[in-house]
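Participant: Would you mind keeping the following structure in view while I ask a few things?
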Amino acid sequence: MWCGVFGHSVVPGIRDELGAIFENVRATGQPAVFDSDSALLTSDGLSPDGKPDAASRAWRSEDGRSGLVWSGEWFGAGEPAGVTEAQRLWDLWKRKGPDGFADVNGAFTIAAWDGPEGTGVLAGDPLGIQPVYYAVFSGGLAFANIPELALKLAKRQPEADLQVITKFLTFCYNPGFQTMYRGVRRLRPGDCLLFRDGKAESRPFWRPRFTEPARRTEAEWVEDVRQRMSEAVRIRVRKDRRTGVFLSGGLDSSSVVSLLSRAGVPAIQTFSFRCRGLSFDESHYAQMVADAFGTRHTLVEYRPEDIFGLEGLVELQDEPFCDAGINIATLLLGRAAEGRVDELFTGDGGDELFAGHPVYLADRAAAFLRFVPSWVQKPVFAWGRSLRDSDRKKDLRVKVKRFSASAGFPASLGTQRWRAYYRPDDMAGLILPGRWEEEFRAAPFEDMLAFNREAEGPDTLARSLAADYATVVHFYLSRMGLVRPFGIRPKFPLLDPGLVQACAAMPSRFKIKGAEVKRIEKLAVEPLLPHAIVHRKDKLGHSIPLKNWMRGHAGVRSLMTDLLAEETVKRRGLFDPGRVQAMIREHLEKRENHAHRLWALMVLELWLSRHVDRPPASGAGGKT
């Protein structure tokens, strides 16, 4: 837990509000606290290994007017004798301002009050591993690592923002910084927030720079990437902690296993899931890596019945986000790892480092469309959209149908058009006329378009990767946040800021060559991994046959039709029940694959029911 308020007029009331929360914290140790007339800053005071460490988590000036409280980890920091990490963070702020936080490689949240300046300061780590939520209200600013807690400290009742709902439905997560809770914002990763005279202003202290390509040979890049990946893993290892890895059998997670092994980490445990179904089971690749490095491997079966864990899933979500293959699998693997490991490493971030996602190839294919007359494109794409869906995860029909549908989105969306599920007219047809406002038409795309305009780089791929660090990376981090309630700390070595910046400076030709993605990564880890892992062609990602289960499994189908029943949709009062029922029919008849759309509506209904209709009394949802 990490939270607090800035503002002279609001601090006295918040002291009482935090009293009950502190009682829970004191069960494990003494909270780290800075308390003054104008600020109350708190954290649970625990070190990364779960031991009481309040002395190094809080700092106070001699006159008591200024102070800092932080939570999380600082990788490879070391500590000069007699100087706590909290005091070092304060010194960085005073010497360099917001830019000082760029010197901290870690997963952290920081709150500080500068008494002489009358300024409150909030910051999180450069990639957003530890989120910062805040709410500006009359006389002050409330903040926390959980949006519900920030809302509670601001003394506001939860209210969902319909504009943000349109963003969530379009991309299956919220890519922007206004949260689903009206009035609560998420601080952009790499930003520092300053609160002074009742106003909040954010300033960037870190962004990956794609505008300064480094001149190196392929061999030099290979060696540099291998060394940087090794170092990113090494500094995150705590040999007194039990270490695990979420292992998919793909290049990124397999590389992390190999580097942990090379770092001498003992008794590595690996966890993967298997989902039986046509073209969905990749578990033999994970087993191959586990055998190669002698890990203790756990294979979890992902069955249709596990979909019923959806209610437990939304309980843990700060905001709704959904990919059934990733989210529920994370819960299953988290339960399997509970009590057996303290830290779980993942390969998340590798697609952005080395351009591994299929959408980057789709961008290249779409670039050729400018040479094709529109009178040719329109009938071809109309035919592609009319194809019936397939039971397979990926085959030619599925690819053609998806490409044809996505090509109709605005080209200004760039890479994000391959990840979107609604056009503005589609959304207008889903939301009830009485709730639809014309400004909603632009809302779903506004964040993505802004990031695309902001993104700088010498080519389309560089600009797409820059935008992805501001958007989809947040989805991965939210997913791995689901393991924290199991007493497990996630680790993201491929989201190391130094590694990210080095790869941002790598020219795109070293990332994709022809149709080969992740070229440099493959060359870098080729000596470390089995040949079949490095050169496999059939990577599917965290896949489950959800679309097939919705059609053919009675229990999953019943869950869908119950959560999206006409009466339930009417009672929610947001969406056209007729349109929702039409999507269900089209999906069941295989005319369209609406699995992502329907699953998002199911997640949203449960999330609103749990977090808005009847929010937890503590405001923290049982999360820390």
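Residues in the structure tokens are numbered from 1 in each chain, the chains being A, B, ... in the order shown, and ligands are numbered from 1 in the order shown.
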Could you give me, as a ChimeraX atom specification, the residues within 10 Å of stretch 168-174 of chain A, counting only C-alpha atoms and dropping anything in the same chain fewer than 5 positions from it?

Facilitator: /A:162-163,179-180,319-323,416-424,426-427,444-445,447,471-472,474-475,478,596-601,603-604

Participant: Per residue of stretch 193-248 of chain A within 9 Å of stretch 336-356 of chain A, what are the shortest atom pair and its distance in Å to one decimal, counting only C-alpha atoms, with rows by chain and residue number, as a Markdown table?

Facilitator:
| residue | atom | partner | partner_atom | distance |
| --- | --- | --- | --- | --- |
| A:Val233 | CA | A:Phe345 | CA | 8.8 |
| A:Val237 | CA | A:Glu343 | CA | 9.0 |
| A:Arg238 | CA | A:Glu343 | CA | 8.9 |
| A:Arg241 | CA | A:Asp342 | CA | 5.9 |
| A:Arg242 | CA | A:Val341 | CA | 4.6 |
| A:Thr243 | CA | A:Glu343 | CA | 5.2 |
| A:Gly244 | CA | A:Leu344 | CA | 4.6 |
| A:Val245 | CA | A:Phe345 | CA | 4.6 |
| A:Phe246 | CA | A:Thr346 | CA | 5.4 |
| A:Leu247 | CA | A:Thr346 | CA | 7.3 |
| A:Ser248 | CA | A:Gly347 | CA | 8.9 |

Participant: Under the rule that only C-alpha atoms are counted, which of A:Ile533, A:Leu40, A:Leu194, A:Leu332 is the nearest residue to A:Ala290?

Facilitator: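 When distances to A:Ala290 are compared using only C-alpha atoms, the smallest one comes from A:Ile533.
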
Participant: For A:Val83, find every residue with an atom within 12 Å (counting only C-alpha atoms), except residues of its own chain fewer than 5 positions away, and show them as a list in words.

Facilitator: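 My reading of the contact set: Ala55, Ser56, Arg57, Ala58, Trp59, Ala77, Gly78, Arg88, Leu89, Trp90 and Asp91 of chain A.
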
Participant: Quick one: residues within 8 Å of stretch 505-519 of chain A, only C-alpha atoms, excluding same-chain residues fewer than 5 positions away - as a list of chain:residue names?

Facilitator: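 Using only C-alpha atoms, the neighbours found are A:Arg209, A:Phe210, A:Thr211, A:Glu212, A:Pro213, A:Ala214, A:Glu218, A:Trp221, A:Asp351, A:Phe354, A:Ala355, A:Gly356, A:His357, A:Leu361, A:Asp459, A:Leu461, A:Ala462.
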
Participant: Which distance in Å separates atom CA of A:Val400 and atom CA of A:Ala582, to one decimal?

Facilitator: 23.2 Å

Participant: List every residue of stretch 112-308 of chain A that DSSP, applied to the backbone of this structure, assigns to helix (DSSP H, G or I), and report them as an mmCIF file with C-alpha atoms, in the first residue's frame.

Facilitator:
data_model
loop_
_atom_site.group_PDB
_atom_site.id
_atom_site.type_symbol
_atom_site.label_atom_id
_atom_site.label_comp_id
_atom_site.auth_asym_id
_atom_site.auth_seq_id
_atom_site.Cartn_x
_atom_site.Cartn_y
_atom_site.Cartn_z
ATOM 1 C CA PRO A 147 -7.559 3.997 -7.955
ATOM 2 C CA GLU A 148 -10.337 3.066 -5.523
ATOM 3 C CA LEU A 149 -8.185 4.224 -2.624
ATOM 4 C CA ALA A 150 -7.391 7.541 -4.313
ATOM 5 C CA LEU A 151 -11.130 7.987 -4.839
ATOM 6 C CA LYS A 152 -11.843 7.212 -1.192
ATOM 7 C CA LEU A 153 -9.224 9.668 0.071
ATOM 8 C CA LEU A 162 -18.756 6.481 -20.365
ATOM 9 C CA GLN A 163 -16.130 8.019 -22.647
ATOM 10 C CA VAL A 164 -13.486 5.802 -21.057
ATOM 11 C CA ILE A 165 -15.808 2.809 -21.440
ATOM 12 C CA THR A 166 -15.806 3.411 -25.206
ATOM 13 C CA LYS A 167 -11.995 3.296 -25.162
ATOM 14 C CA PHE A 168 -11.973 0.077 -23.172
ATOM 15 C CA LEU A 169 -14.438 -1.617 -25.511
ATOM 16 C CA THR A 170 -12.493 -0.481 -28.584
ATOM 17 C CA PHE A 171 -9.112 -1.836 -27.445
ATOM 18 C CA GLU A 218 25.027 -6.147 -36.781
ATOM 19 C CA ALA A 219 27.687 -8.028 -34.808
ATOM 20 C CA GLU A 220 28.103 -5.075 -32.424
ATOM 21 C CA TRP A 221 24.361 -4.889 -31.856
ATOM 22 C CA VAL A 222 24.196 -8.628 -31.176
ATOM 23 C CA GLU A 223 26.889 -8.426 -28.512
ATOM 24 C CA ASP A 224 25.443 -5.277 -26.930
ATOM 25 C CA VAL A 225 21.926 -6.738 -26.739
ATOM 26 C CA ARG A 226 23.176 -9.983 -25.206
ATOM 27 C CA GLN A 227 25.141 -8.119 -22.526
ATOM 28 C CA ARG A 228 22.337 -5.701 -21.731
ATOM 29 C CA MET A 229 19.738 -8.465 -21.443
ATOM 30 C CA SER A 230 22.070 -10.407 -19.147
ATOM 31 C CA GLU A 231 22.626 -7.349 -16.947
ATOM 32 C CA ALA A 232 18.903 -6.517 -16.835
ATOM 33 C CA VAL A 233 18.208 -10.005 -15.505
ATOM 34 C CA ARG A 234 21.170 -10.042 -13.123
ATOM 35 C CA LEU A 251 11.740 -16.407 -27.554
ATOM 36 C CA ASP A 252 11.408 -13.761 -24.823
ATOM 37 C CA SER A 253 10.432 -15.884 -21.818
ATOM 38 C CA SER A 254 12.822 -18.650 -22.917
ATOM 39 C CA SER A 255 15.653 -16.102 -23.072
ATOM 40 C CA VAL A 256 14.862 -14.978 -19.529
ATOM 41 C CA VAL A 257 15.082 -18.595 -18.295
ATOM 42 C CA SER A 258 18.448 -19.043 -19.996
ATOM 43 C CA LEU A 259 19.829 -15.801 -18.539
ATOM 44 C CA LEU A 260 18.636 -16.652 -15.031
ATOM 45 C CA SER A 261 20.365 -19.996 -15.363
ATOM 46 C CA ARG A 262 23.588 -18.314 -16.543
ATOM 47 C CA SER A 283 3.157 -26.371 -24.245
ATOM 48 C CA HIS A 284 5.733 -28.721 -25.774
ATOM 49 C CA TYR A 285 7.975 -25.716 -26.498
ATOM 50 C CA ALA A 286 7.882 -24.641 -22.854
ATOM 51 C CA GLN A 287 8.726 -28.194 -21.806
ATOM 52 C CA MET A 288 11.661 -28.179 -24.229
ATOM 53 C CA VAL A 289 13.114 -25.080 -22.538
ATOM 54 C CA ALA A 290 12.462 -26.464 -19.056
ATOM 55 C CA ASP A 291 14.313 -29.669 -19.954
ATOM 56 C CA ALA A 292 17.220 -27.744 -21.478
ATOM 57 C CA PHE A 293 17.819 -25.739 -18.286
ATOM 58 C CA PRO A 304 -13.321 -24.288 -20.493
ATOM 59 C CA GLU A 305 -14.566 -24.445 -16.890
ATOM 60 C CA ASP A 306 -11.785 -22.076 -15.839
ATOM 61 C CA ILE A 307 -13.618 -19.295 -17.670
ATOM 62 C CA PHE A 308 -15.962 -19.263 -14.675
#

Participant: Compile the contact shell of A:Val10 as a list of chain:residue names: residues with an atom at most 10 Å away, counting only C-alpha atoms, same-chain residues fewer than 3 positions apart removed.

Facilitator: A:Val5, A:Phe6, A:Gly7, A:Gly13, A:Ile14, A:Arg15, A:Asp37, A:Ser38, A:Ala39, A:Leu40, A:Phe137, A:Ser138, A:Gly139, A:Gly140, A:Leu141, A:Ala142, A:Leu153, A:Ala154

Participant: Please save N, CA and C atoms of the selected residues as a JSON list (two decimals), in the first residue's frame.

Facilitator:
[["chain", "number", "residue", "atom", "x", "y", "z"],
["A", 5, "VAL", "N", -2.14, 12.38, 0.81],
["A", 5, "VAL", "CA", -2.79, 13.59, 0.31],
["A", 5, "VAL", "C", -1.84, 14.77, 0.44],
["A", 6, "PHE", "N", -2.04, 15.77, -0.43],
["A", 6, "PHE", "CA", -1.41, 17.07, -0.32],
["A", 6, "PHE", "C", -2.52, 18.09, -0.08],
["A", 7, "GLY", "N", -2.27, 19.10, 0.74],
["A", 7, "GLY", "CA", -3.26, 20.17, 0.93],
["A", 7, "GLY", "C", -3.50, 20.46, 2.39],
["A", 13, "GLY", "N", -8.64, 15.66, 8.11],
["A", 13, "GLY", "CA", -9.69, 14.67, 7.88],
["A", 13, "GLY", "C", -9.15, 13.35, 7.36],
["A", 14, "ILE", "N", -8.08, 13.40, 6.60],
["A", 14, "ILE", "CA", -7.52, 12.18, 6.04],
["A", 14, "ILE", "C", -6.83, 11.36, 7.11],
["A", 15, "ARG", "N", -6.28, 12.00, 8.15],
["A", 15, "ARG", "CA", -5.66, 11.23, 9.23],
["A", 15, "ARG", "C", -6.64, 10.22, 9.80],
["A", 37, "ASP", "N", 1.59, 19.60, 8.37],
["A", 37, "ASP", "CA", 0.34, 20.35, 8.25],
["A", 37, "ASP", "C", -0.23, 20.28, 6.84],
["A", 38, "SER", "N", 0.62, 20.07, 5.83],
["A", 38, "SER", "CA", 0.16, 20.16, 4.44],
["A", 38, "SER", "C", 0.28, 18.87, 3.66],
["A", 39, "ALA", "N", 0.76, 17.81, 4.27],
["A", 39, "ALA", "CA", 0.92, 16.55, 3.54],
["A", 39, "ALA", "C", 0.90, 15.38, 4.50],
["A", 40, "LEU", "N", 0.28, 14.30, 4.06],
["A", 40, "LEU", "CA", 0.32, 13.03, 4.78],
["A", 40, "LEU", "C", 0.67, 11.96, 3.75],
["A", 137, "PHE", "N", -9.01, 17.48, -5.89],
["A", 137, "PHE", "CA", -10.32, 17.85, -5.37],
["A", 137, "PHE", "C", -10.19, 19.15, -4.59],
["A", 138, "SER", "N", -11.29, 19.65, -4.10],
["A", 138, "SER", "CA", -11.31, 20.96, -3.45],
["A", 138, "SER", "C", -10.31, 21.01, -2.29],
["A", 139, "GLY", "N", -9.26, 21.78, -2.48],
["A", 139, "GLY", "CA", -8.29, 21.98, -1.42],
["A", 139, "GLY", "C", -7.13, 21.02, -1.41],
["A", 140, "GLY", "N", -7.12, 20.06, -2.30],
["A", 140, "GLY", "CA", -6.00, 19.12, -2.21],
["A", 140, "GLY", "C", -5.92, 18.13, -3.35],
["A", 141, "LEU", "N", -5.00, 17.18, -3.19],
["A", 141, "LEU", "CA", -4.79, 16.10, -4.15],
["A", 141, "LEU", "C", -4.60, 14.81, -3.37],
["A", 142, "ALA", "N", -5.34, 13.78, -3.76],
["A", 142, "ALA", "CA", -5.21, 12.46, -3.15],
["A", 142, "ALA", "C", -4.52, 11.53, -4.14],
["A", 153, "LEU", "N", -9.90, 8.58, -0.62],
["A", 153, "LEU", "CA", -9.22, 9.67, 0.07],
["A", 153, "LEU", "C", -9.72, 11.02, -0.41],
["A", 154, "ALA", "N", -10.18, 11.08, -1.66],
["A", 154, "ALA", "CA", -10.77, 12.32, -2.19],
["A", 154, "ALA", "C", -12.23, 12.48, -1.79]]

Participant: Could you name the residues that touch A:Glu315 at 8 Å or less, counting only C-alpha atoms, but leaving out those on the same chain fewer than 4 positions away, as a list in words?

Facilitator: Glu311, Trp607, Arg610, His611 and Gly621 of chain A

Participant: Would you output that residue set with all heavy atoms, as a PDB file, in the first residue's frame?

Facilitator:
ATOM      1  N   GLU A 311     -15.304 -13.855 -12.428  1.00  0.00           N
ATOM      2  CA  GLU A 311     -15.710 -12.970 -11.331  1.00  0.00           C
ATOM      3  C   GLU A 311     -14.539 -12.693 -10.404  1.00  0.00           C
ATOM      4  O   GLU A 311     -14.340 -11.561  -9.944  1.00  0.00           O
ATOM      5  CB  GLU A 311     -16.877 -13.574 -10.547  1.00  0.00           C
ATOM      6  CG  GLU A 311     -17.447 -12.614  -9.522  1.00  0.00           C
ATOM      7  CD  GLU A 311     -18.814 -13.041  -9.023  1.00  0.00           C
ATOM      8  OE1 GLU A 311     -19.307 -14.103  -9.452  1.00  0.00           O
ATOM      9  OE2 GLU A 311     -19.396 -12.303  -8.208  1.00  0.00           O
ATOM     10  N   TRP A 607     -17.223  -6.014 -13.805  1.00  0.00           N
ATOM     11  CA  TRP A 607     -16.377  -5.008 -13.159  1.00  0.00           C
ATOM     12  C   TRP A 607     -17.228  -3.860 -12.611  1.00  0.00           C
ATOM     13  O   TRP A 607     -17.008  -3.402 -11.477  1.00  0.00           O
ATOM     14  CB  TRP A 607     -15.341  -4.476 -14.154  1.00  0.00           C
ATOM     15  CG  TRP A 607     -14.316  -3.610 -13.502  1.00  0.00           C
ATOM     16  CD1 TRP A 607     -13.128  -3.994 -12.928  1.00  0.00           C
ATOM     17  CD2 TRP A 607     -14.393  -2.185 -13.320  1.00  0.00           C
ATOM     18  NE1 TRP A 607     -12.462  -2.905 -12.420  1.00  0.00           N
ATOM     19  CE2 TRP A 607     -13.214  -1.784 -12.645  1.00  0.00           C
ATOM     20  CE3 TRP A 607     -15.326  -1.216 -13.681  1.00  0.00           C
ATOM     21  CZ2 TRP A 607     -12.957  -0.453 -12.316  1.00  0.00           C
ATOM     22  CZ3 TRP A 607     -15.079   0.113 -13.340  1.00  0.00           C
ATOM     23  CH2 TRP A 607     -13.904   0.480 -12.670  1.00  0.00           C
ATOM     24  N   ARG A 610     -19.016  -4.930  -9.504  1.00  0.00           N
ATOM     25  CA  ARG A 610     -18.159  -5.088  -8.323  1.00  0.00           C
ATOM     26  C   ARG A 610     -17.567  -3.768  -7.845  1.00  0.00           C
ATOM     27  O   ARG A 610     -17.491  -3.514  -6.637  1.00  0.00           O
ATOM     28  CB  ARG A 610     -17.024  -6.082  -8.654  1.00  0.00           C
ATOM     29  CG  ARG A 610     -15.965  -6.238  -7.564  1.00  0.00           C
ATOM     30  CD  ARG A 610     -16.590  -6.841  -6.303  1.00  0.00           C
ATOM     31  NE  ARG A 610     -15.630  -6.953  -5.234  1.00  0.00           N
ATOM     32  CZ  ARG A 610     -15.302  -5.971  -4.407  1.00  0.00           C
ATOM     33  NH1 ARG A 610     -15.867  -4.773  -4.556  1.00  0.00           N
ATOM     34  NH2 ARG A 610     -14.436  -6.156  -3.430  1.00  0.00           N
ATOM     35  N   HIS A 611     -17.127  -2.905  -8.735  1.00  0.00           N
ATOM     36  CA  HIS A 611     -16.338  -1.739  -8.348  1.00  0.00           C
ATOM     37  C   HIS A 611     -17.109  -0.429  -8.353  1.00  0.00           C
ATOM     38  O   HIS A 611     -16.640   0.544  -7.747  1.00  0.00           O
ATOM     39  CB  HIS A 611     -15.123  -1.607  -9.262  1.00  0.00           C
ATOM     40  CG  HIS A 611     -14.146  -2.724  -9.132  1.00  0.00           C
ATOM     41  ND1 HIS A 611     -13.113  -2.715  -8.220  1.00  0.00           N
ATOM     42  CD2 HIS A 611     -14.044  -3.908  -9.786  1.00  0.00           C
ATOM     43  CE1 HIS A 611     -12.411  -3.830  -8.320  1.00  0.00           C
ATOM     44  NE2 HIS A 611     -12.957  -4.574  -9.266  1.00  0.00           N
ATOM     45  N   GLY A 621     -10.130  -2.877  -2.247  1.00  0.00           N
ATOM     46  CA  GLY A 621     -10.418  -4.103  -2.956  1.00  0.00           C
ATOM     47  C   GLY A 621      -9.590  -5.289  -2.524  1.00  0.00           C
ATOM     48  O   GLY A 621      -9.444  -6.270  -3.247  1.00  0.00           O
TER      49      GLY A 621
END

Participant: Find the residues around stretch 97-111 of chain A up to 6 Å (only C-alpha atoms counted), leave out those fewer than 6 positions away in its own chain, and share them as a tab-separated table (two decimals) with all heavy atoms, in the first residue's frame.

Facilitator:
chain	number	residue	atom	x	y	z
A	68	LEU	N	9.69	12.60	2.36
A	68	LEU	CA	9.49	11.72	1.21
A	68	LEU	C	9.18	10.31	1.70
A	68	LEU	O	9.79	9.84	2.67
A	68	LEU	CB	10.74	11.73	0.32
A	68	LEU	CG	10.75	10.84	-0.92
A	68	LEU	CD1	11.57	11.50	-2.04
A	68	LEU	CD2	11.31	9.45	-0.63
A	69	VAL	N	8.26	9.67	1.02
A	69	VAL	CA	7.93	8.27	1.28
A	69	VAL	C	7.89	7.55	-0.05
A	69	VAL	O	7.35	8.08	-1.03
A	69	VAL	CB	6.56	8.13	2.00
A	69	VAL	CG1	6.14	6.67	2.06
A	69	VAL	CG2	6.63	8.71	3.40
A	70	TRP	N	8.49	6.36	-0.10
A	70	TRP	CA	8.50	5.63	-1.36
A	70	TRP	C	8.21	4.16	-1.11
A	70	TRP	O	8.29	3.65	0.02
A	70	TRP	CB	9.82	5.82	-2.10
A	70	TRP	CG	10.97	5.00	-1.59
A	70	TRP	CD1	11.64	5.16	-0.42
A	70	TRP	CD2	11.57	3.88	-2.25
A	70	TRP	NE1	12.64	4.23	-0.31
A	70	TRP	CE2	12.62	3.43	-1.41
A	70	TRP	CE3	11.35	3.24	-3.46
A	70	TRP	CZ2	13.44	2.33	-1.76
A	70	TRP	CZ3	12.16	2.16	-3.80
A	70	TRP	CH2	13.17	1.73	-2.96
A	71	SER	N	7.86	3.47	-2.22
A	71	SER	CA	7.54	2.04	-2.15
A	71	SER	C	8.11	1.38	-3.40
A	71	SER	O	8.20	2.00	-4.46
A	71	SER	CB	6.02	1.84	-2.09
A	71	SER	OG	5.69	0.46	-2.09
A	72	GLY	N	8.52	0.10	-3.27
A	72	GLY	CA	8.98	-0.64	-4.43
A	72	GLY	C	10.42	-1.06	-4.33
A	72	GLY	O	10.94	-1.33	-3.23
A	73	GLU	N	11.11	-1.11	-5.49
A	73	GLU	CA	12.49	-1.59	-5.56
A	73	GLU	C	13.35	-0.63	-6.36
A	73	GLU	O	12.89	0.00	-7.30
A	73	GLU	CB	12.55	-2.95	-6.24
A	73	GLU	CG	11.94	-4.09	-5.46
A	73	GLU	CD	12.12	-5.41	-6.19
A	73	GLU	OE1	13.16	-6.09	-5.97
A	73	GLU	OE2	11.25	-5.77	-6.99
A	74	TRP	N	14.63	-0.59	-6.00
A	74	TRP	CA	15.65	0.16	-6.71
A	74	TRP	C	16.73	-0.84	-7.06
A	74	TRP	O	17.48	-1.30	-6.20
A	74	TRP	CB	16.17	1.27	-5.82
A	74	TRP	CG	17.12	2.23	-6.47
A	74	TRP	CD1	17.79	2.07	-7.64
A	74	TRP	CD2	17.49	3.52	-5.95
A	74	TRP	NE1	18.57	3.17	-7.89
A	74	TRP	CE2	18.40	4.07	-6.88
A	74	TRP	CE3	17.15	4.24	-4.81
A	74	TRP	CZ2	18.98	5.33	-6.68
A	74	TRP	CZ3	17.73	5.49	-4.63
A	74	TRP	CH2	18.62	6.03	-5.55
A	75	PHE	N	16.81	-1.22	-8.33
A	75	PHE	CA	17.69	-2.30	-8.74
A	75	PHE	C	19.14	-1.82	-8.82
A	75	PHE	O	19.44	-0.80	-9.43
A	75	PHE	CB	17.27	-2.86	-10.11
A	75	PHE	CG	15.85	-3.34	-10.16
A	75	PHE	CD1	14.99	-2.90	-11.14
A	75	PHE	CD2	15.38	-4.23	-9.20
A	75	PHE	CE1	13.68	-3.34	-11.18
A	75	PHE	CE2	14.07	-4.66	-9.23
A	75	PHE	CZ	13.21	-4.23	-10.23
A	121	VAL	N	5.07	16.31	-4.71
A	121	VAL	CA	5.72	15.64	-5.83
A	121	VAL	C	5.28	14.18	-5.86
A	121	VAL	O	5.33	13.50	-4.83
A	121	VAL	CB	7.26	15.70	-5.70
A	121	VAL	CG1	7.93	15.04	-6.90
A	121	VAL	CG2	7.73	17.13	-5.52
A	122	LEU	N	4.87	13.71	-7.04
A	122	LEU	CA	4.57	12.29	-7.25
A	122	LEU	C	5.36	11.81	-8.45
A	122	LEU	O	5.50	12.51	-9.45
A	122	LEU	CB	3.08	12.07	-7.53
A	122	LEU	CG	2.07	12.45	-6.46
A	122	LEU	CD1	0.65	12.18	-6.96
A	122	LEU	CD2	2.33	11.69	-5.17
A	123	ALA	N	5.87	10.58	-8.36
A	123	ALA	CA	6.57	9.98	-9.49
A	123	ALA	C	6.48	8.47	-9.39
A	123	ALA	O	6.39	7.90	-8.29
A	123	ALA	CB	8.04	10.41	-9.54
A	124	GLY	N	6.50	7.82	-10.55
A	124	GLY	CA	6.58	6.37	-10.62
A	124	GLY	C	7.74	5.99	-11.53
A	124	GLY	O	8.38	6.85	-12.14
A	125	ASP	N	8.02	4.71	-11.63
A	125	ASP	CA	9.14	4.27	-12.44
A	125	ASP	C	8.89	4.56	-13.92
A	125	ASP	O	7.75	4.75	-14.36
A	125	ASP	CB	9.41	2.78	-12.22
A	125	ASP	CG	8.21	1.92	-12.54
A	125	ASP	OD1	7.98	1.62	-13.71
A	125	ASP	OD2	7.49	1.54	-11.59
A	129	ILE	N	5.66	0.22	-14.04
A	129	ILE	CA	5.47	-1.08	-13.38
A	129	ILE	C	4.67	-0.89	-12.10
A	129	ILE	O	3.80	-1.70	-11.78
A	129	ILE	CB	6.84	-1.72	-13.10
A	129	ILE	CG1	7.53	-2.06	-14.42
A	129	ILE	CG2	6.69	-2.98	-12.25
A	129	ILE	CD1	8.98	-2.47	-14.29
A	130	GLN	N	4.96	0.18	-11.36
A	130	GLN	CA	4.17	0.54	-10.18
A	130	GLN	C	3.31	1.74	-10.55
A	130	GLN	O	3.82	2.84	-10.77
A	130	GLN	CB	5.10	0.91	-9.01
A	130	GLN	CG	5.99	-0.22	-8.56
A	130	GLN	CD	5.33	-1.11	-7.53
A	130	GLN	OE1	4.39	-1.82	-7.83
A	130	GLN	NE2	5.82	-1.08	-6.31
A	192	CYS	N	6.60	13.11	-13.83
A	192	CYS	CA	6.57	13.55	-12.44
A	192	CYS	C	5.42	14.56	-12.31
A	192	CYS	O	5.27	15.43	-13.16
A	192	CYS	CB	7.91	14.19	-12.09
A	192	CYS	SG	7.97	14.96	-10.46
A	205	PHE	N	10.17	13.02	-17.26
A	205	PHE	CA	11.58	12.89	-16.90
A	205	PHE	C	12.25	11.76	-17.68
A	205	PHE	O	13.48	11.64	-17.67
A	205	PHE	CB	11.77	12.68	-15.39
A	205	PHE	CG	11.21	11.38	-14.85
A	205	PHE	CD1	11.95	10.20	-14.91
A	205	PHE	CD2	9.96	11.35	-14.25
A	205	PHE	CE1	11.45	9.02	-14.39
A	205	PHE	CE2	9.46	10.16	-13.73
A	205	PHE	CZ	10.20	8.99	-13.81
A	206	TRP	N	11.45	10.93	-18.38
A	206	TRP	CA	12.04	9.85	-19.18
A	206	TRP	C	11.08	9.47	-20.30
A	206	TRP	O	9.87	9.36	-20.08
A	206	TRP	CB	12.30	8.62	-18.32
A	206	TRP	CG	13.06	7.53	-19.04
A	206	TRP	CD1	14.41	7.38	-19.13
A	206	TRP	CD2	12.49	6.44	-19.79
A	206	TRP	NE1	14.73	6.27	-19.88
A	206	TRP	CE2	13.57	5.67	-20.30
A	206	TRP	CE3	11.19	6.04	-20.08
A	206	TRP	CZ2	13.38	4.53	-21.09
A	206	TRP	CZ3	10.99	4.90	-20.87
A	206	TRP	CH2	12.09	4.16	-21.35

Participant: Of the candidates A:Pro577, A:Pro493, A:Met1, A:Val11, which shows the shortest atom-to-atom distance to A:Pro31, using only C-alpha atoms?

Facilitator: A:Met1
